[in-house]
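Dumped input_29.csv below, it's CSV, C-alpha atoms:
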```
chain,number,residue,atom,x,y,z
A,1,MET,CA,19.1,-21.3,1.3
A,2,THR,CA,18.6,-17.8,0.0
A,3,PRO,CA,16.5,-15.3,1.9
A,4,ARG,CA,13.9,-15.4,-0.9
A,5,SER,CA,13.6,-19.2,-0.9
A,6,LEU,CA,13.6,-19.2,2.9
A,7,THR,CA,10.7,-16.8,2.9
A,8,ALA,CA,8.8,-18.9,0.3
A,9,GLY,CA,9.4,-21.9,2.6
A,10,LEU,CA,8.1,-20.2,5.6
A,11,LEU,CA,4.9,-19.2,3.8
A,12,ALA,CA,4.5,-22.6,2.3
A,13,GLY,CA,4.5,-24.0,5.8
A,14,ALA,CA,2.0,-21.5,6.9
A,15,LEU,CA,-0.3,-22.4,4.0
A,16,ALA,CA,0.0,-26.0,4.8
A,17,LEU,CA,-1.2,-25.3,8.4
A,18,THR,CA,-4.1,-23.2,7.1
A,19,SER,CA,-5.0,-25.3,4.1
A,20,CYS,CA,-8.4,-24.3,2.8
A,21,GLY,CA,-9.2,-27.9,2.0
A,22,PRO,CA,-10.3,-29.5,-1.3
A,23,PRO,CA,-12.5,-27.7,-3.7
A,24,THR,CA,-16.3,-28.2,-3.5
A,25,PRO,CA,-16.9,-31.6,-5.1
A,26,SER,CA,-19.8,-30.2,-7.3
A,27,ALA,CA,-17.7,-27.4,-8.7
A,28,ALA,CA,-14.5,-27.1,-10.7
A,29,PRO,CA,-11.6,-25.6,-8.8
A,30,GLY,CA,-11.8,-22.4,-10.9
A,31,THR,CA,-9.4,-19.5,-11.1
A,32,LEU,CA,-9.2,-17.0,-8.3
A,33,VAL,CA,-8.7,-13.5,-9.7
A,34,ILE,CA,-6.8,-11.1,-7.3
A,35,ALA,CA,-6.5,-7.4,-8.2
A,36,GLY,CA,-3.8,-5.7,-6.2
A,37,TYR,CA,-0.7,-3.5,-6.1
A,38,GLY,CA,2.0,-3.7,-8.7
A,39,GLY,CA,5.7,-3.6,-8.5
A,40,SER,CA,7.4,-5.1,-5.5
A,41,TYR,CA,4.0,-6.0,-4.0
A,42,GLU,CA,3.1,-8.0,-7.1
A,43,GLU,CA,6.5,-9.7,-7.1
A,44,ALA,CA,6.2,-10.7,-3.5
A,45,PHE,CA,2.7,-12.1,-3.9
A,46,LYS,CA,3.7,-14.1,-6.9
A,47,GLN,CA,6.8,-15.5,-5.3
A,48,SER,CA,5.8,-16.0,-1.7
A,49,VAL,CA,2.0,-16.1,-1.4
A,50,ILE,CA,0.2,-17.4,-4.6
A,51,PRO,CA,2.2,-20.6,-5.2
A,52,GLY,CA,1.5,-22.0,-1.8
A,53,PHE,CA,-2.2,-21.0,-1.9
A,54,GLU,CA,-2.6,-22.7,-5.3
A,55,LYS,CA,-1.2,-25.9,-3.9
A,56,ALA,CA,-3.2,-25.8,-0.7
A,57,CYS,CA,-6.5,-25.1,-2.5
A,58,SER,CA,-6.0,-27.0,-5.7
A,59,CYS,CA,-6.9,-23.8,-7.6
A,60,LYS,CA,-5.3,-21.4,-10.0
A,61,VAL,CA,-4.7,-17.7,-9.2
A,62,THR,CA,-4.5,-14.8,-11.6
A,63,TYR,CA,-3.0,-11.5,-10.4
A,64,VAL,CA,-4.1,-8.3,-12.0
A,65,ALA,CA,-1.8,-5.4,-11.0
A,66,GLY,CA,-2.9,-1.8,-10.6
A,67,SER,CA,-3.1,1.0,-8.1
A,68,SER,CA,-5.9,1.1,-5.6
A,69,THR,CA,-7.9,3.6,-7.6
A,70,ASP,CA,-7.4,1.5,-10.7
A,71,THR,CA,-8.7,-1.6,-9.0
A,72,VAL,CA,-11.8,0.2,-7.6
A,73,ALA,CA,-12.5,1.6,-11.0
A,74,LYS,CA,-12.5,-1.9,-12.4
A,75,LEU,CA,-14.8,-3.1,-9.6
A,76,LYS,CA,-17.2,-0.3,-10.5
A,77,ALA,CA,-17.1,-1.1,-14.2
A,78,GLN,CA,-17.8,-4.8,-13.4
A,79,LYS,CA,-20.3,-4.2,-10.6
A,80,ASP,CA,-23.2,-6.1,-12.3
A,81,ALA,CA,-20.9,-9.0,-13.4
A,82,PRO,CA,-17.7,-9.1,-11.3
A,83,GLN,CA,-14.6,-10.7,-12.8
A,84,ILE,CA,-12.4,-10.1,-9.7
A,85,ASP,CA,-12.7,-12.2,-6.5
A,86,VAL,CA,-10.2,-10.4,-4.2
A,87,ALA,CA,-9.2,-6.8,-4.1
A,88,LEU,CA,-6.1,-5.5,-2.3
A,89,ILE,CA,-6.6,-1.8,-1.9
A,90,ASP,CA,-5.5,1.0,0.4
A,91,ASP,CA,-7.7,1.8,3.4
A,92,GLY,CA,-8.9,5.2,2.2
A,93,VAL,CA,-9.9,4.0,-1.3
A,94,GLN,CA,-11.4,0.9,0.4
A,95,ASN,CA,-13.8,3.2,2.2
A,96,GLN,CA,-15.1,4.4,-1.2
A,97,ALA,CA,-15.5,0.9,-2.4
A,98,VAL,CA,-17.6,0.0,0.7
A,99,GLU,CA,-19.9,3.0,0.2
A,100,ALA,CA,-20.4,1.9,-3.4
A,101,GLY,CA,-21.5,-1.5,-2.4
A,102,LEU,CA,-18.6,-3.2,-4.1
A,103,LEU,CA,-17.3,-5.4,-1.3
A,104,ALA,CA,-18.7,-8.2,0.7
A,105,LYS,CA,-18.7,-8.9,4.5
A,106,LEU,CA,-16.1,-11.4,5.7
A,107,ASP,CA,-17.5,-14.7,6.9
A,108,PRO,CA,-16.1,-15.4,10.5
A,109,LYS,CA,-16.7,-19.1,10.0
A,110,THR,CA,-14.1,-19.1,7.2
A,111,VAL,CA,-11.9,-16.1,8.2
A,112,THR,CA,-11.1,-17.7,11.6
A,113,ASN,CA,-8.0,-15.5,12.0
A,114,LEU,CA,-10.1,-12.3,12.2
A,115,PRO,CA,-10.1,-12.1,16.0
A,116,LYS,CA,-6.3,-11.9,15.9
A,117,VAL,CA,-6.3,-8.7,13.9
A,118,ILE,CA,-5.3,-5.6,15.8
A,119,ASP,CA,-7.8,-2.7,16.3
A,120,ILE,CA,-6.3,-0.3,13.7
A,121,ALA,CA,-6.7,-3.0,11.0
A,122,ARG,CA,-10.2,-4.0,11.8
A,123,LEU,CA,-12.7,-2.3,9.5
A,124,PRO,CA,-16.4,-1.3,10.2
A,125,GLY,CA,-18.7,-4.3,9.9
A,126,ASP,CA,-15.8,-6.5,8.9
A,127,VAL,CA,-16.3,-5.6,5.3
A,128,GLY,CA,-12.7,-6.3,4.4
A,129,VAL,CA,-9.7,-6.2,6.8
A,130,GLY,CA,-6.3,-4.7,7.0
A,131,PHE,CA,-3.6,-7.3,6.4
A,132,SER,CA,-0.4,-5.1,6.6
A,133,LEU,CA,0.7,-1.8,8.2
A,134,ASN,CA,2.7,0.8,6.4
A,135,ALA,CA,3.5,4.5,6.5
A,136,THR,CA,3.7,7.2,3.9
A,137,GLY,CA,6.8,9.4,4.3
A,138,LEU,CA,9.9,10.6,2.4
A,139,ALA,CA,12.5,8.6,0.5
A,140,TYR,CA,15.8,9.7,-0.8
A,141,ASN,CA,19.0,8.4,-2.6
A,142,THR,CA,21.6,8.5,0.2
A,143,ASP,CA,24.6,8.4,-2.2
A,144,TYR,CA,23.3,11.3,-4.3
A,145,TYR,CA,22.6,13.4,-1.3
A,146,ALA,CA,26.0,12.7,0.2
A,147,LYS,CA,27.9,13.4,-3.0
A,148,ASN,CA,26.1,16.6,-3.6
A,149,GLY,CA,26.3,17.9,0.0
A,150,LEU,CA,22.6,17.8,0.5
A,151,PRO,CA,21.3,17.3,4.1
A,152,ALA,CA,18.9,14.4,4.5
A,153,PRO,CA,15.3,15.5,4.1
A,154,GLU,CA,13.4,15.9,7.4
A,155,ARG,CA,10.1,17.4,6.2
A,156,LEU,CA,8.1,17.5,2.9
A,157,ALA,CA,9.2,21.1,2.3
A,158,ASP,CA,12.8,20.0,2.0
A,159,LEU,CA,11.9,18.4,-1.3
A,160,ALA,CA,11.4,21.9,-2.7
A,161,ASP,CA,15.1,22.6,-2.6
A,162,PRO,CA,16.1,24.1,-5.9
A,163,LYS,CA,19.1,21.7,-6.1
A,164,LEU,CA,16.5,18.9,-6.7
A,165,LYS,CA,15.1,20.6,-9.8
A,166,GLY,CA,14.2,17.8,-12.3
A,167,LYS,CA,15.3,15.1,-9.8
A,168,LEU,CA,12.1,14.5,-7.9
A,169,VAL,CA,9.4,12.0,-8.9
A,170,MET,CA,6.1,13.3,-7.6
A,171,PRO,CA,3.3,10.9,-6.9
A,172,SER,CA,0.0,11.8,-8.5
A,173,ILE,CA,-3.0,12.5,-6.4
A,174,THR,CA,-4.7,9.6,-8.1
A,175,GLN,CA,-2.7,7.3,-5.8
A,176,THR,CA,-2.3,7.3,-2.1
A,177,TYR,CA,1.2,8.8,-1.9
A,178,GLY,CA,0.1,11.9,-3.8
A,179,LEU,CA,-2.8,12.3,-1.4
A,180,GLY,CA,-0.4,11.9,1.5
A,181,ALA,CA,1.8,14.7,0.2
A,182,LEU,CA,-1.2,17.0,0.0
A,183,LEU,CA,-2.3,16.2,3.5
A,184,MET,CA,1.3,16.6,4.9
A,185,ALA,CA,1.6,20.0,3.2
A,186,ALA,CA,-1.8,21.1,4.6
A,187,LYS,CA,-0.9,20.2,8.2
A,188,VAL,CA,2.4,22.1,8.1
A,189,ALA,CA,0.7,25.3,6.9
A,190,GLY,CA,-2.1,25.1,9.4
A,191,GLY,CA,-4.6,23.4,7.2
A,192,SER,CA,-6.4,20.0,7.5
A,193,GLU,CA,-8.7,17.7,5.7
A,194,GLN,CA,-11.4,20.3,6.2
A,195,ASP,CA,-9.1,23.2,5.0
A,196,ILE,CA,-7.0,21.8,2.2
A,197,ALA,CA,-6.0,25.1,0.4
A,198,PRO,CA,-2.7,25.4,2.4
A,199,GLY,CA,-1.8,21.9,1.2
A,200,PHE,CA,-2.1,22.9,-2.5
A,201,ALA,CA,0.2,25.9,-1.9
A,202,GLY,CA,2.8,23.6,-0.2
A,203,VAL,CA,2.6,20.8,-2.8
A,204,LYS,CA,3.0,23.3,-5.6
A,205,LYS,CA,6.4,24.4,-4.3
A,206,VAL,CA,7.6,20.8,-4.1
A,207,ALA,CA,6.1,19.8,-7.5
A,208,ALA,CA,8.2,22.5,-9.2
A,209,ASN,CA,11.1,20.0,-8.9
A,210,ALA,CA,9.1,17.1,-10.4
A,211,VAL,CA,10.5,15.2,-13.4
A,212,THR,CA,7.2,13.4,-13.6
A,213,PHE,CA,4.0,12.6,-11.8
A,214,ASP,CA,3.7,8.9,-11.1
A,215,THR,CA,0.3,7.1,-11.1
A,216,THR,CA,1.6,3.5,-10.4
A,217,ALA,CA,2.7,3.8,-6.8
A,218,ASP,CA,6.0,2.1,-7.7
A,219,VAL,CA,8.8,4.5,-8.6
A,220,SER,CA,11.6,2.0,-8.3
A,221,ASN,CA,12.7,2.4,-11.9
A,222,TYR,CA,13.0,6.2,-11.6
A,223,PHE,CA,15.5,5.7,-8.8
A,224,LEU,CA,17.4,2.8,-10.5
A,225,GLN,CA,17.7,4.7,-13.8
A,226,GLY,CA,18.9,7.9,-12.0
A,227,GLN,CA,15.9,9.9,-13.2
A,228,ALA,CA,14.9,10.8,-9.6
A,229,VAL,CA,16.6,10.9,-6.2
A,230,ALA,CA,13.7,11.7,-3.9
A,231,THR,CA,10.0,11.2,-3.6
A,232,VAL,CA,7.0,10.7,-1.2
A,233,TRP,CA,6.7,7.0,-0.9
A,234,GLY,CA,5.8,4.1,1.4
A,235,ASN,CA,8.2,2.5,3.9
A,236,SER,CA,7.8,-1.1,2.6
A,237,ARG,CA,8.5,-0.1,-1.0
A,238,VAL,CA,11.6,1.8,0.1
A,239,GLN,CA,12.9,-1.1,2.2
A,240,THR,CA,12.3,-3.5,-0.7
A,241,LEU,CA,14.5,-1.4,-3.0
A,242,ALA,CA,17.1,-1.0,-0.3
A,243,LYS,CA,17.2,-4.8,0.1
A,244,LYS,CA,18.4,-5.0,-3.5
A,245,GLY,CA,21.4,-3.0,-2.5
A,246,PHE,CA,20.2,0.4,-3.7
A,247,PRO,CA,21.2,3.4,-1.5
A,248,ILE,CA,17.8,4.6,-0.4
A,249,LYS,CA,16.4,5.5,2.9
A,250,PHE,CA,12.9,6.1,4.3
A,251,VAL,CA,12.2,9.1,6.5
A,252,TYR,CA,9.4,9.6,9.0
A,253,PRO,CA,8.9,13.4,8.4
A,254,GLU,CA,8.7,15.8,11.2
A,255,GLU,CA,5.1,16.7,10.4
A,256,GLY,CA,4.2,13.1,10.9
A,257,ALA,CA,4.1,10.1,8.7
A,258,LEU,CA,0.6,9.0,7.5
A,259,PRO,CA,-0.8,5.5,8.2
A,260,LEU,CA,-1.2,3.3,5.2
A,261,ILE,CA,-3.1,0.1,5.8
A,262,ALA,CA,-3.3,-2.4,2.9
A,263,THR,CA,-6.7,-4.1,3.0
A,264,VAL,CA,-7.8,-7.4,1.6
A,265,ASN,CA,-11.4,-7.7,0.5
A,266,VAL,CA,-13.8,-10.2,-1.0
A,267,VAL,CA,-15.6,-8.6,-3.9
A,268,ASN,CA,-19.4,-8.5,-3.7
A,269,LYS,CA,-20.9,-11.2,-5.9
A,270,ALA,CA,-17.4,-12.6,-6.6
A,271,PRO,CA,-17.2,-15.5,-9.0
A,272,HIS,CA,-15.5,-17.7,-6.4
A,273,PRO,CA,-16.6,-16.3,-3.0
A,274,ASP,CA,-15.5,-19.3,-1.0
A,275,LEU,CA,-12.0,-19.3,-2.4
A,276,ALA,CA,-11.9,-15.6,-1.8
A,277,GLN,CA,-12.8,-15.9,1.9
A,278,LYS,CA,-10.2,-18.6,2.3
A,279,PHE,CA,-7.5,-16.4,0.7
A,280,VAL,CA,-8.3,-13.6,3.2
A,281,ASN,CA,-7.9,-16.1,6.0
A,282,THR,CA,-4.6,-17.2,4.7
A,283,LEU,CA,-3.2,-13.7,4.6
A,284,LEU,CA,-4.1,-13.2,8.3
A,285,ASP,CA,-2.4,-16.3,9.6
A,286,PRO,CA,0.5,-15.3,11.9
A,287,SER,CA,3.0,-17.4,10.0
A,288,ALA,CA,2.0,-15.9,6.7
A,289,GLN,CA,2.2,-12.4,8.2
A,290,GLN,CA,5.7,-13.2,9.3
A,291,ALA,CA,6.7,-14.4,5.9
A,292,MET,CA,5.2,-11.3,4.2
A,293,ALA,CA,7.1,-9.0,6.6
A,294,ALA,CA,10.3,-10.8,5.6
A,295,SER,CA,9.6,-10.8,1.8
A,296,ASN,CA,8.1,-7.3,1.4
A,297,PHE,CA,8.5,-5.4,4.8
A,298,ASN,CA,4.8,-5.4,5.6
A,299,GLY,CA,4.1,-4.6,9.2
A,300,PRO,CA,2.0,-7.4,10.8
A,301,ALA,CA,-1.6,-6.6,11.3
A,302,VAL,CA,-2.3,-9.5,13.6
A,303,GLU,CA,-1.2,-10.3,17.1
A,304,GLY,CA,1.4,-12.9,18.0
A,305,VAL,CA,3.8,-12.2,15.2
A,306,THR,CA,7.5,-12.3,16.2
A,307,LEU,CA,10.1,-10.8,13.9
A,308,ALA,CA,13.8,-10.8,14.1
A,309,PRO,CA,15.2,-7.5,15.6
A,310,ALA,CA,16.8,-6.5,12.3
A,311,LEU,CA,13.6,-7.0,10.4
A,312,ALA,CA,11.5,-5.4,13.1
A,313,GLU,CA,13.5,-2.1,12.7
A,314,LYS,CA,12.5,-1.9,9.1
A,315,VAL,CA,8.8,-2.5,9.2
A,316,VAL,CA,6.0,-0.3,10.7
A,317,GLY,CA,5.5,-2.1,14.0
A,318,GLN,CA,2.3,-1.9,15.9
A,319,GLU,CA,3.7,0.5,18.5
A,320,ARG,CA,4.8,3.0,15.8
A,321,ALA,CA,1.5,2.5,14.0
A,322,ALA,CA,-0.3,3.7,17.1
A,323,ASP,CA,1.6,7.0,16.8
A,324,LEU,CA,0.9,7.7,13.2
A,325,ARG,CA,-1.4,10.6,12.3
A,326,LYS,CA,-5.1,9.6,12.0
A,327,LEU,CA,-7.0,10.7,8.9
A,328,ASP,CA,-10.6,11.8,8.4
A,329,TRP,CA,-11.4,9.5,5.5
A,330,ALA,CA,-15.1,10.5,5.4
A,331,THR,CA,-14.1,14.1,4.7
A,332,ILE,CA,-11.3,13.1,2.4
A,333,ASN,CA,-13.4,10.8,0.2
A,334,LYS,CA,-16.2,13.4,-0.1
A,335,SER,CA,-13.7,16.0,-1.3
A,336,ARG,CA,-11.3,13.8,-3.3
A,337,SER,CA,-12.9,14.3,-6.7
A,338,ALA,CA,-12.8,18.1,-6.3
A,339,TRP,CA,-9.2,17.9,-5.0
A,340,THR,CA,-8.2,15.8,-8.0
A,341,ASP,CA,-9.7,18.3,-10.4
A,342,ARG,CA,-7.9,21.1,-8.6
A,343,TRP,CA,-4.6,19.2,-8.5
A,344,ASN,CA,-4.8,18.6,-12.3
A,345,LYS,CA,-5.4,22.3,-12.9
A,346,GLU,CA,-2.9,23.7,-10.4
A,347,ILE,CA,-0.2,21.1,-9.9
A,348,GLU,CA,0.3,18.9,-12.9
A,349,THR,CA,-0.4,21.5,-15.6
A,350,SER,CA,1.5,24.4,-14.0
```
Would you mind giving the structure from this file in structure tokens?
Amino acid sequence: MTPRSLTAGLLAGALALTSCGPPTPSAAPGTLVIAGYGGSYEEAFKQSVIPGFEKACSCKVTYVAGSSTDTVAKLKAQKDAPQIDVALIDDGVQNQAVEAGLLAKLDPKTVTNLPKVIDIARLPGDVGVGFSLNATGLAYNTDYYAKNGLPAPERLADLADPKLKGKLVMPSITQTYGLGALLMAAKVAGGSEQDIAPGFAGVKKVAANAVTFDTTADVSNYFLQGQAVATVWGNSRVQTLAKKGFPIKFVYPEEGALPLIATVNVVNKAPHPDLAQKFVNTLLDPSAQQAMAASNFNGPAVEGVTLAPALAEKVVGQERAADLRKLDWATINKSRSAWTDRWNKEIETS
């Protein structure tokens, strides 16, 4: 049995144990619409999560891929008549969605796995919940660096090396990794969420090497096609590409990696709220958490999840998550629109 089929088998077993039962007799099974991350995340969900859930719930699932900001924009556009049931979005952007009244509170009678969730992944009022732990740091092509005599990057500023001119894919501030780069640069130069100017100065130096500014959050193809050899990226995405045999490594930078919690949320006034709540509960089952760690290197967000030592080394474990730099999302979200305007004027158009 291949690792992929083994993972699918593990999750199928988990879903059998947490079956959401038959659909309501008076209603058609319907189609659950999930909006979430693209790239490796989408691939993992379609292979290891969705098929088992469809079988357990006698329903169909449609997956709409997009970045967290794209998903929230869709939710805002559909606020009066939602077409999405479940939204998978990063924690910072999730805070914006909550403030806009786009998300519903979880039902503890249905989401029975909620008490197992660790503190860092529990959200205020249980409006949504974190289902995986990740970190934003640096990624680089180990073969390219070795062949060109480049030392492995240890801090964000190392990506400003002139030898990387035209070989860096820079994440846009419209997605979480770009925001992470800005916050890293600010901290190194003595700034913070409250004083972001030093961050723009630092990012501008790094962005001078950019071949492009990515808005999708999945830069795999830039590495595979040789267009880029370094970036600011998430650990799980790096490990997923490495699993395919590509020479890439994730680095927790000296200035501190940033926590990235993927959240699962029931959309307010969702077309299929019951199915949505049941899907959330499925993702929080310890067996499903274990399977997702194996398939997509998501650090477990619930207690009682045991991983093989080799896998545990590659995911953001709960001990490491506790050491990640905490972010002031209230300040960030109040300032993000202004930061985006400034980024567009000073970084991507310079």
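Proximity of A:Asn148, A:Thr212, A:Gln78, A:Asn333 to Thr349 (chain A), computed with all atoms listed in the file, is greatest for A:Thr212.
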Exercise. So, counting all atoms listed in the file, which residue among A:Asn134, A:Ser40, A:Thr231, A:Gln277 is closest to Pro153 (chain A)?
Worked result: A:Thr231
For this session: Calculate how many Å separate CA of Phe223 (chain A) from CA of Pro171 (chain A), rounding to one decimal.
Result: 13.4 Å
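Each of A:Ser68, A:Asn235, A:Asn141, A:Gln83 was compared to Asn95 (chain A) using only C-alpha atoms, and A:Ser68 turns out to be the nearest.
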For this session: Find the residues near region 197-209 of chain A: any atom within 6 Å, counting only C-alpha atoms, skip ones fewer than 3 places away on the same chain, and give them as a ChimeraX atom specification.
Result: /A:159-160,164-166,168,182,185-186,189,191,347
